[in-house]
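Peer 1: The structure's right below; bear with me while I get my questions together.
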Amino acid sequence: MSDKIKKLKYNANSLNLLLVEDEIKALDELRDILVNLFNKVDIASNGEMGLSEYLKYFDKTKLYYDIVITDIKMPKMDGFEFSRNILSHNPNQIIIVISATDSFDEIIDLINIGINYFIQKPFTKKDMADVLLKATKVANQDRLLEKKNGELNRLNLNLKSKVKEQTVSLEKQLYYDILTGLPKRNKLMEDMKTYNKIGILLNRYK
């Protein structure tokens with residue numbers, strides 16, 4: 001096994017992928033390659049089914065696929081519309097387009113949509129490995145960044161909770177006697193500011 005394939009397997013073994021291809025032979029060939037690399041590979045035979053699978057996966061896991069591979073010319077929903085729909089849900093989604101097109105206008109359209117990876121049919125295993133190596137590296141960086149952001153958010157929530165608890169404790173000490181739990185002079189002064197009419201009863205002992 002070449003160093004490139006070893007590195008690709010290492011990068012991909014924890015990643016999840018959606019493959020959308022309407023040609024059954026091409027779908028089977030790609031799936032056979034990808035299942036030996038990725039943690040999970042789901043498939044769909046057209047853009048409409050691919051979008052349904054994509055949304056179903058998010059509803060179930062609350063996560064997006066790490067990588068999506070799609071053809072362009074497909075029935076019911078082509079790769080352009082499929083990619084636009086996915087990027088409307090997740091603008092950072094990594095999408096690899098595989099197509100026989102050599103149209104400059106179509107390639108420009110893909111770039112404008114937000115597609116960064118393109119493999120032209122017919123392709124070699126080396127072509128596929130080169131693109132997947134780049135895509136999996138970015139996907140792992142995105143995962144690491146998401147993990148760090150999650151940890152930072154949890155730390156912020158814990159900090160806010162502790163600050164709130166400390167504030168409540170300090171306010172209690174300011175307005176109430178620690179031993180008796182009775183209101184202190186500060187509480188009386190605050191109550192006098194709050195209420196328009198207030199009566200004070202003083203009891204003098206002789």
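In the structure tokens, chains take the letters A, B, ... in the order shown, each chain's residues start at 1, and ligands count up from 1 in the order shown.
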Would you tabulate, counting only C-alpha atoms, all residues of segment 99-164 of chain A that have an atom at most 12 Å from an atom of segment 3-23 of chain A, showing the closest pair of atoms and their distance in Å to one decimal, sorted by chain then ascending number, as JSON lines?

Peer 2:
{"residue": "A:Ser99", "atom": "CA", "partner": "A:Glu21", "partner_atom": "CA", "distance": 9.8}
{"residue": "A:Lys125", "atom": "CA", "partner": "A:Ile5", "partner_atom": "CA", "distance": 10.2}
{"residue": "A:Lys126", "atom": "CA", "partner": "A:Lys4", "partner_atom": "CA", "distance": 9.4}
{"residue": "A:Asp127", "atom": "CA", "partner": "A:Lys4", "partner_atom": "CA", "distance": 11.8}
{"residue": "A:Met128", "atom": "CA", "partner": "A:Leu8", "partner_atom": "CA", "distance": 10.6}
{"residue": "A:Ala129", "atom": "CA", "partner": "A:Ile5", "partner_atom": "CA", "distance": 7.1}
{"residue": "A:Asp130", "atom": "CA", "partner": "A:Lys4", "partner_atom": "CA", "distance": 8.3}
{"residue": "A:Val131", "atom": "CA", "partner": "A:Leu8", "partner_atom": "CA", "distance": 10.0}
{"residue": "A:Leu132", "atom": "CA", "partner": "A:Leu8", "partner_atom": "CA", "distance": 7.2}
{"residue": "A:Leu133", "atom": "CA", "partner": "A:Leu8", "partner_atom": "CA", "distance": 5.4}
{"residue": "A:Lys134", "atom": "CA", "partner": "A:Leu8", "partner_atom": "CA", "distance": 9.0}
{"residue": "A:Ala135", "atom": "CA", "partner": "A:Asn11", "partner_atom": "CA", "distance": 9.4}
{"residue": "A:Thr136", "atom": "CA", "partner": "A:Asn11", "partner_atom": "CA", "distance": 5.8}
{"residue": "A:Lys137", "atom": "CA", "partner": "A:Asn11", "partner_atom": "CA", "distance": 6.4}
{"residue": "A:Val138", "atom": "CA", "partner": "A:Asn11", "partner_atom": "CA", "distance": 9.6}
{"residue": "A:Ala139", "atom": "CA", "partner": "A:Leu15", "partner_atom": "CA", "distance": 7.9}
{"residue": "A:Asn140", "atom": "CA", "partner": "A:Asn11", "partner_atom": "CA", "distance": 7.1}
{"residue": "A:Gln141", "atom": "CA", "partner": "A:Asn11", "partner_atom": "CA", "distance": 10.2}
{"residue": "A:Asp142", "atom": "CA", "partner": "A:Leu15", "partner_atom": "CA", "distance": 11.2}
{"residue": "A:Arg143", "atom": "CA", "partner": "A:Leu15", "partner_atom": "CA", "distance": 9.4}

Peer 1: Just list the residues in segment 13-203 of chain A DSSP gives strand (DSSP E or B) on the backbone, as a PDB file with all heavy atoms, in the first residue's frame.

Peer 2:
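The result, stored in result_10.pdb:
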ATOM      1  N   ASN A  16     -17.620  10.485   7.697  1.00  0.00           N
ATOM      2  CA  ASN A  16     -18.839   9.946   7.096  1.00  0.00           C
ATOM      3  C   ASN A  16     -19.110  10.639   5.767  1.00  0.00           C
ATOM      4  O   ASN A  16     -18.942  11.860   5.647  1.00  0.00           O
ATOM      5  CB  ASN A  16     -20.020  10.133   8.045  1.00  0.00           C
ATOM      6  CG  ASN A  16     -19.772   9.457   9.384  1.00  0.00           C
ATOM      7  OD1 ASN A  16     -19.240   8.360   9.449  1.00  0.00           O
ATOM      8  ND2 ASN A  16     -20.130  10.126  10.462  1.00  0.00           N
ATOM      9  N   LEU A  17     -19.562   9.862   4.779  1.00  0.00           N
ATOM     10  CA  LEU A  17     -19.655  10.371   3.405  1.00  0.00           C
ATOM     11  C   LEU A  17     -20.989   9.986   2.772  1.00  0.00           C
ATOM     12  O   LEU A  17     -21.521   8.903   3.022  1.00  0.00           O
ATOM     13  CB  LEU A  17     -18.488   9.806   2.594  1.00  0.00           C
ATOM     14  CG  LEU A  17     -18.389  10.179   1.117  1.00  0.00           C
ATOM     15  CD1 LEU A  17     -16.911  10.368   0.728  1.00  0.00           C
ATOM     16  CD2 LEU A  17     -19.008   9.119   0.221  1.00  0.00           C
ATOM     17  N   LEU A  18     -21.499  10.887   1.949  1.00  0.00           N
ATOM     18  CA  LEU A  18     -22.699  10.626   1.138  1.00  0.00           C
ATOM     19  C   LEU A  18     -22.289  10.621  -0.329  1.00  0.00           C
ATOM     20  O   LEU A  18     -21.699  11.583  -0.821  1.00  0.00           O
ATOM     21  CB  LEU A  18     -23.760  11.693   1.383  1.00  0.00           C
ATOM     22  CG  LEU A  18     -25.007  11.616   0.490  1.00  0.00           C
ATOM     23  CD1 LEU A  18     -25.777  10.317   0.737  1.00  0.00           C
ATOM     24  CD2 LEU A  18     -25.915  12.822   0.715  1.00  0.00           C
ATOM     25  N   LEU A  19     -22.625   9.540  -1.032  1.00  0.00           N
ATOM     26  CA  LEU A  19     -22.314   9.388  -2.445  1.00  0.00           C
ATOM     27  C   LEU A  19     -23.607   9.424  -3.253  1.00  0.00           C
ATOM     28  O   LEU A  19     -24.519   8.626  -3.011  1.00  0.00           O
ATOM     29  CB  LEU A  19     -21.580   8.063  -2.683  1.00  0.00           C
ATOM     30  CG  LEU A  19     -21.361   7.634  -4.129  1.00  0.00           C
ATOM     31  CD1 LEU A  19     -20.483   8.645  -4.862  1.00  0.00           C
ATOM     32  CD2 LEU A  19     -20.743   6.238  -4.181  1.00  0.00           C
ATOM     33  N   VAL A  20     -23.690  10.340  -4.213  1.00  0.00           N
ATOM     34  CA  VAL A  20     -24.885  10.488  -5.054  1.00  0.00           C
ATOM     35  C   VAL A  20     -24.477  10.300  -6.510  1.00  0.00           C
ATOM     36  O   VAL A  20     -23.725  11.119  -7.057  1.00  0.00           O
ATOM     37  CB  VAL A  20     -25.554  11.866  -4.859  1.00  0.00           C
ATOM     38  CG1 VAL A  20     -26.866  11.930  -5.629  1.00  0.00           C
ATOM     39  CG2 VAL A  20     -25.781  12.157  -3.388  1.00  0.00           C
ATOM     40  N   LYS A  40     -18.267   5.602   7.344  1.00  0.00           N
ATOM     41  CA  LYS A  40     -19.641   5.352   6.918  1.00  0.00           C
ATOM     42  C   LYS A  40     -19.841   5.932   5.528  1.00  0.00           C
ATOM     43  O   LYS A  40     -19.428   7.051   5.254  1.00  0.00           O
ATOM     44  CB  LYS A  40     -20.618   6.004   7.900  1.00  0.00           C
ATOM     45  CG  LYS A  40     -22.095   5.864   7.560  1.00  0.00           C
ATOM     46  CD  LYS A  40     -22.947   6.587   8.607  1.00  0.00           C
ATOM     47  CE  LYS A  40     -24.426   6.555   8.265  1.00  0.00           C
ATOM     48  NZ  LYS A  40     -24.991   5.209   8.254  1.00  0.00           N
ATOM     49  N   VAL A  41     -20.476   5.145   4.653  1.00  0.00           N
ATOM     50  CA  VAL A  41     -20.786   5.604   3.300  1.00  0.00           C
ATOM     51  C   VAL A  41     -22.255   5.323   3.009  1.00  0.00           C
ATOM     52  O   VAL A  41     -22.679   4.173   2.984  1.00  0.00           O
ATOM     53  CB  VAL A  41     -19.911   4.897   2.237  1.00  0.00           C
ATOM     54  CG1 VAL A  41     -20.327   5.351   0.829  1.00  0.00           C
ATOM     55  CG2 VAL A  41     -18.435   5.178   2.468  1.00  0.00           C
ATOM     56  N   ASP A  42     -23.040   6.385   2.836  1.00  0.00           N
ATOM     57  CA  ASP A  42     -24.441   6.259   2.426  1.00  0.00           C
ATOM     58  C   ASP A  42     -24.539   6.614   0.954  1.00  0.00           C
ATOM     59  O   ASP A  42     -23.745   7.410   0.439  1.00  0.00           O
ATOM     60  CB  ASP A  42     -25.336   7.182   3.253  1.00  0.00           C
ATOM     61  CG  ASP A  42     -25.441   6.724   4.700  1.00  0.00           C
ATOM     62  OD1 ASP A  42     -25.354   5.506   4.950  1.00  0.00           O
ATOM     63  OD2 ASP A  42     -25.585   7.592   5.589  1.00  0.00           O
ATOM     64  N   ILE A  43     -25.520   6.019   0.254  1.00  0.00           N
ATOM     65  CA  ILE A  43     -25.625   6.246  -1.183  1.00  0.00           C
ATOM     66  C   ILE A  43     -27.024   6.691  -1.573  1.00  0.00           C
ATOM     67  O   ILE A  43     -28.002   6.443  -0.857  1.00  0.00           O
ATOM     68  CB  ILE A  43     -25.248   4.979  -1.981  1.00  0.00           C
ATOM     69  CG1 ILE A  43     -26.208   3.822  -1.643  1.00  0.00           C
ATOM     70  CG2 ILE A  43     -23.811   4.592  -1.735  1.00  0.00           C
ATOM     71  CD1 ILE A  43     -26.024   2.609  -2.525  1.00  0.00           C
ATOM     72  N   ALA A  44     -27.104   7.373  -2.713  1.00  0.00           N
ATOM     73  CA  ALA A  44     -28.380   7.783  -3.303  1.00  0.00           C
ATOM     74  C   ALA A  44     -28.195   7.805  -4.812  1.00  0.00           C
ATOM     75  O   ALA A  44     -27.100   8.076  -5.306  1.00  0.00           O
ATOM     76  CB  ALA A  44     -28.812   9.149  -2.788  1.00  0.00           C
ATOM     77  N   ILE A  67     -18.215  14.713   4.069  1.00  0.00           N
ATOM     78  CA  ILE A  67     -17.962  14.917   2.643  1.00  0.00           C
ATOM     79  C   ILE A  67     -19.157  14.398   1.838  1.00  0.00           C
ATOM     80  O   ILE A  67     -19.748  13.372   2.186  1.00  0.00           O
ATOM     81  CB  ILE A  67     -16.673  14.190   2.194  1.00  0.00           C
ATOM     82  CG1 ILE A  67     -15.444  14.788   2.880  1.00  0.00           C
ATOM     83  CG2 ILE A  67     -16.508  14.245   0.669  1.00  0.00           C
ATOM     84  CD1 ILE A  67     -14.157  14.038   2.607  1.00  0.00           C
ATOM     85  N   VAL A  68     -19.495  15.126   0.779  1.00  0.00           N
ATOM     86  CA  VAL A  68     -20.531  14.684  -0.165  1.00  0.00           C
ATOM     87  C   VAL A  68     -19.887  14.589  -1.540  1.00  0.00           C
ATOM     88  O   VAL A  68     -19.186  15.503  -1.974  1.00  0.00           O
ATOM     89  CB  VAL A  68     -21.718  15.673  -0.213  1.00  0.00           C
ATOM     90  CG1 VAL A  68     -22.693  15.285  -1.319  1.00  0.00           C
ATOM     91  CG2 VAL A  68     -22.428  15.727   1.136  1.00  0.00           C
ATOM     92  N   ILE A  69     -20.118  13.451  -2.225  1.00  0.00           N
ATOM     93  CA  ILE A  69     -19.660  13.275  -3.606  1.00  0.00           C
ATOM     94  C   ILE A  69     -20.888  13.161  -4.493  1.00  0.00           C
ATOM     95  O   ILE A  69     -21.796  12.367  -4.207  1.00  0.00           O
ATOM     96  CB  ILE A  69     -18.788  12.016  -3.751  1.00  0.00           C
ATOM     97  CG1 ILE A  69     -17.518  12.133  -2.901  1.00  0.00           C
ATOM     98  CG2 ILE A  69     -18.410  11.794  -5.217  1.00  0.00           C
ATOM     99  CD1 ILE A  69     -16.613  10.918  -2.967  1.00  0.00           C
ATOM    100  N   THR A  70     -20.940  13.940  -5.564  1.00  0.00           N
ATOM    101  CA  THR A  70     -22.123  13.918  -6.424  1.00  0.00           C
ATOM    102  C   THR A  70     -21.758  14.057  -7.899  1.00  0.00           C
ATOM    103  O   THR A  70     -20.751  14.669  -8.257  1.00  0.00           O
ATOM    104  CB  THR A  70     -23.101  15.054  -6.031  1.00  0.00           C
ATOM    105  OG1 THR A  70     -24.263  14.980  -6.866  1.00  0.00           O
ATOM    106  CG2 THR A  70     -22.464  16.418  -6.211  1.00  0.00           C
ATOM    107  N   ILE A  94     -18.331  20.218   2.500  1.00  0.00           N
ATOM    108  CA  ILE A  94     -17.349  19.830   1.489  1.00  0.00           C
ATOM    109  C   ILE A  94     -18.049  18.960   0.447  1.00  0.00           C
ATOM    110  O   ILE A  94     -18.585  17.901   0.776  1.00  0.00           O
ATOM    111  CB  ILE A  94     -16.174  19.058   2.121  1.00  0.00           C
ATOM    112  CG1 ILE A  94     -15.419  19.950   3.107  1.00  0.00           C
ATOM    113  CG2 ILE A  94     -15.230  18.529   1.045  1.00  0.00           C
ATOM    114  CD1 ILE A  94     -14.373  19.225   3.920  1.00  0.00           C
ATOM    115  N   ILE A  95     -18.065  19.426  -0.802  1.00  0.00           N
ATOM    116  CA  ILE A  95     -18.711  18.693  -1.893  1.00  0.00           C
ATOM    117  C   ILE A  95     -17.682  18.431  -2.990  1.00  0.00           C
ATOM    118  O   ILE A  95     -16.994  19.350  -3.441  1.00  0.00           O
ATOM    119  CB  ILE A  95     -19.894  19.479  -2.477  1.00  0.00           C
ATOM    120  CG1 ILE A  95     -20.944  19.759  -1.387  1.00  0.00           C
ATOM    121  CG2 ILE A  95     -20.530  18.706  -3.638  1.00  0.00           C
ATOM    122  CD1 ILE A  95     -22.105  20.616  -1.868  1.00  0.00           C
ATOM    123  N   ILE A  96     -17.593  17.168  -3.407  1.00  0.00           N
ATOM    124  CA  ILE A  96     -16.757  16.780  -4.537  1.00  0.00           C
ATOM    125  C   ILE A  96     -17.681  16.433  -5.698  1.00  0.00           C
ATOM    126  O   ILE A  96     -18.548  15.570  -5.569  1.00  0.00           O
ATOM    127  CB  ILE A  96     -15.873  15.567  -4.200  1.00  0.00           C
ATOM    128  CG1 ILE A  96     -14.957  15.876  -3.004  1.00  0.00           C
ATOM    129  CG2 ILE A  96     -15.039  15.155  -5.413  1.00  0.00           C
ATOM    130  CD1 ILE A  96     -14.194  14.666  -2.500  1.00  0.00           C
ATOM    131  N   VAL A  97     -17.509  17.112  -6.823  1.00  0.00           N
ATOM    132  CA  VAL A  97     -18.319  16.838  -8.013  1.00  0.00           C
ATOM    133  C   VAL A  97     -17.520  15.957  -8.965  1.00  0.00           C
ATOM    134  O   VAL A  97     -16.369  16.258  -9.285  1.00  0.00           O
ATOM    135  CB  VAL A  97     -18.738  18.145  -8.715  1.00  0.00           C
ATOM    136  CG1 VAL A  97     -19.347  17.845 -10.080  1.00  0.00           C
ATOM    137  CG2 VAL A  97     -19.738  18.907  -7.855  1.00  0.00           C
ATOM    138  N   ILE A  98     -18.164  14.850  -9.400  1.00  0.00           N
ATOM    139  CA  ILE A  98     -17.570  13.955 -10.389  1.00  0.00           C
ATOM    140  C   ILE A  98     -18.442  14.011 -11.626  1.00  0.00           C
ATOM    141  O   ILE A  98     -19.642  13.716 -11.554  1.00  0.00           O
ATOM    142  CB  ILE A  98     -17.491  12.507  -9.865  1.00  0.00           C
ATOM    143  CG1 ILE A  98     -16.633  12.446  -8.594  1.00  0.00           C
ATOM    144  CG2 ILE A  98     -16.928  11.583 -10.928  1.00  0.00           C
ATOM    145  CD1 ILE A  98     -16.540  11.063  -7.993  1.00  0.00           C
ATOM    146  N   SER A  99     -17.862  14.384 -12.754  1.00  0.00           N
ATOM    147  CA  SER A  99     -18.680  14.536 -13.964  1.00  0.00           C
ATOM    148  C   SER A  99     -17.824  14.420 -15.214  1.00  0.00           C
ATOM    149  O   SER A  99     -16.618  14.681 -15.187  1.00  0.00           O
ATOM    150  CB  SER A  99     -19.390  15.890 -13.954  1.00  0.00           C
ATOM    151  OG  SER A  99     -20.108  16.092 -15.147  1.00  0.00           O
ATOM    152  N   TYR A 117     -13.960  21.106  -5.221  1.00  0.00           N
ATOM    153  CA  TYR A 117     -13.309  19.897  -5.689  1.00  0.00           C
ATOM    154  C   TYR A 117     -14.071  19.333  -6.888  1.00  0.00           C
ATOM    155  O   TYR A 117     -15.288  19.150  -6.832  1.00  0.00           O
ATOM    156  CB  TYR A 117     -13.255  18.848  -4.575  1.00  0.00           C
ATOM    157  CG  TYR A 117     -12.551  19.330  -3.332  1.00  0.00           C
ATOM    158  CD1 TYR A 117     -13.278  19.827  -2.251  1.00  0.00           C
ATOM    159  CD2 TYR A 117     -11.156  19.306  -3.232  1.00  0.00           C
ATOM    160  CE1 TYR A 117     -12.637  20.282  -1.115  1.00  0.00           C
ATOM    161  CE2 TYR A 117     -10.512  19.755  -2.098  1.00  0.00           C
ATOM    162  CZ  TYR A 117     -11.254  20.250  -1.035  1.00  0.00           C
ATOM    163  OH  TYR A 117     -10.630  20.705   0.081  1.00  0.00           O
ATOM    164  N   PHE A 118     -13.330  19.033  -7.966  1.00  0.00           N
ATOM    165  CA  PHE A 118     -13.940  18.528  -9.196  1.00  0.00           C
ATOM    166  C   PHE A 118     -13.073  17.415  -9.763  1.00  0.00           C
ATOM    167  O   PHE A 118     -11.853  17.570  -9.894  1.00  0.00           O
ATOM    168  CB  PHE A 118     -14.086  19.662 -10.212  1.00  0.00           C
ATOM    169  CG  PHE A 118     -14.641  19.224 -11.535  1.00  0.00           C
ATOM    170  CD1 PHE A 118     -15.999  18.975 -11.686  1.00  0.00           C
ATOM    171  CD2 PHE A 118     -13.814  19.063 -12.641  1.00  0.00           C
ATOM    172  CE1 PHE A 118     -16.513  18.570 -12.904  1.00  0.00           C
ATOM    173  CE2 PHE A 118     -14.323  18.662 -13.852  1.00  0.00           C
ATOM    174  CZ  PHE A 118     -15.681  18.406 -13.991  1.00  0.00           C
ATOM    175  N   ILE A 119     -13.711  16.279 -10.092  1.00  0.00           N
ATOM    176  CA  ILE A 119     -13.014  15.163 -10.735  1.00  0.00           C
ATOM    177  C   ILE A 119     -13.707  14.878 -12.057  1.00  0.00           C
ATOM    178  O   ILE A 119     -14.920  14.670 -12.094  1.00  0.00           O
ATOM    179  CB  ILE A 119     -13.041  13.889  -9.858  1.00  0.00           C
ATOM    180  CG1 ILE A 119     -12.412  14.163  -8.490  1.00  0.00           C
ATOM    181  CG2 ILE A 119     -12.320  12.749 -10.552  1.00  0.00           C
ATOM    182  CD1 ILE A 119     -12.507  12.995  -7.525  1.00  0.00           C
ATOM    183  N   GLN A 120     -12.937  14.869 -13.116  1.00  0.00           N
ATOM    184  CA  GLN A 120     -13.536  14.663 -14.434  1.00  0.00           C
ATOM    185  C   GLN A 120     -13.506  13.179 -14.811  1.00  0.00           C
ATOM    186  O   GLN A 120     -12.501  12.494 -14.647  1.00  0.00           O
ATOM    187  CB  GLN A 120     -12.799  15.477 -15.496  1.00  0.00           C
ATOM    188  CG  GLN A 120     -13.492  15.475 -16.850  1.00  0.00           C
ATOM    189  CD  GLN A 120     -12.941  16.535 -17.783  1.00  0.00           C
ATOM    190  OE1 GLN A 120     -11.778  16.901 -17.686  1.00  0.00           O
ATOM    191  NE2 GLN A 120     -13.767  17.044 -18.672  1.00  0.00           N
ATOM    192  N   TYR A 176     -28.987  40.286  53.383  1.00  0.00           N
ATOM    193  CA  TYR A 176     -29.517  39.441  54.454  1.00  0.00           C
ATOM    194  C   TYR A 176     -28.397  39.033  55.407  1.00  0.00           C
ATOM    195  O   TYR A 176     -27.264  38.794  55.000  1.00  0.00           O
ATOM    196  CB  TYR A 176     -30.173  38.180  53.882  1.00  0.00           C
ATOM    197  CG  TYR A 176     -31.397  38.473  53.054  1.00  0.00           C
ATOM    198  CD1 TYR A 176     -31.288  38.710  51.684  1.00  0.00           C
ATOM    199  CD2 TYR A 176     -32.659  38.524  53.654  1.00  0.00           C
ATOM    200  CE1 TYR A 176     -32.406  38.999  50.919  1.00  0.00           C
ATOM    201  CE2 TYR A 176     -33.782  38.802  52.886  1.00  0.00           C
ATOM    202  CZ  TYR A 176     -33.653  39.041  51.533  1.00  0.00           C
ATOM    203  OH  TYR A 176     -34.768  39.324  50.783  1.00  0.00           O
ATOM    204  N   PRO A 183     -33.564  40.357  56.863  1.00  0.00           N
ATOM    205  CA  PRO A 183     -33.107  41.463  56.015  1.00  0.00           C
ATOM    206  C   PRO A 183     -32.244  42.450  56.793  1.00  0.00           C
ATOM    207  O   PRO A 183     -32.483  42.719  57.966  1.00  0.00           O
ATOM    208  CB  PRO A 183     -34.416  42.120  55.561  1.00  0.00           C
ATOM    209  CG  PRO A 183     -35.461  41.081  55.734  1.00  0.00           C
ATOM    210  CD  PRO A 183     -35.041  40.269  56.915  1.00  0.00           C
TER     211      PRO A 183
END

Peer 1: Measure the distance from atom CA of Asp102 of chain A to atom CA of Glu81 of chain A in Å and round it to one decimal.

Peer 2: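 Result for atom CA of Asp102 of chain A versus atom CA of Glu81 of chain A: 18.7 Å, one decimal.
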
Peer 1: For the atom pair atom CA of Tyr54 of chain A and atom CA of His89 of chain A, what is the interatomic distance in Å to one decimal place?

Peer 2: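 Interatomic distance, atom CA of Tyr54 of chain A to atom CA of His89 of chain A: 9.9 Å.
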
Peer 1: So, with only C-alpha atoms as the atoms that count, which of A:Asp78, A:Asn186, A:Ile107, A:Asp66 lies closest to Asn90 of chain A?

Peer 2: A:Asp66

Peer 1: So how far away is atom CA of Thr124 of chain A from atom CA of Phe80 of chain A, in Å?

Peer 2: 23.6 Å

Peer 1: Residues near Lys187 of chain A, anyone? I mean within 9 Å using only C-alpha atoms, not counting same-chain ones fewer than 5 positions away, as a PyMOL selection string.

Peer 2: chain A and resi 174-176+192

Peer 1: Among the residues of segment 10-162 of chain A, find those DSSP assigns to helix (DSSP H, G or I) from the backbone and print them as a count of residues only.

Peer 2: 88

Peer 1: Give me the residues within 8 Å of Met74 of chain A as a PDB file with C-alpha atoms, in the first residue's frame, counting only C-alpha atoms and dropping any in the same chain fewer than 2 places off.

Peer 2:
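So the final result, stored in part-v8.pdb, reads:
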ATOM      1  CA  GLU A  21     -24.589   8.886  -8.516  1.00  0.00           C
ATOM      2  CA  ASP A  22     -27.298   7.824 -10.969  1.00  0.00           C
ATOM      3  CA  ASN A  46     -30.312  10.927  -7.784  1.00  0.00           C
ATOM      4  CA  GLY A  47     -30.211  14.433  -6.361  1.00  0.00           C
ATOM      5  CA  ASP A  71     -22.538  13.664 -10.172  1.00  0.00           C
ATOM      6  CA  ILE A  72     -23.926  16.639 -12.146  1.00  0.00           C
ATOM      7  CA  LYS A  76     -35.233  14.494 -10.782  1.00  0.00           C
ATOM      8  CA  MET A  77     -32.596  16.883  -9.377  1.00  0.00           C
ATOM      9  CA  ASP A  78     -29.236  17.556 -11.002  1.00  0.00           C
ATOM     10  CA  GLY A  79     -25.950  18.143  -9.186  1.00  0.00           C
TER      11      GLY A  79
END

Peer 1: Select, from A:Gly150, A:Pro75, A:Pro91, A:Gly114, the residue with the minimum atom-to-atom distance to Gly50 of chain A, counting only C-alpha atoms.

Peer 2: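 So, comparing all the options, the nearest one is A:Pro75.
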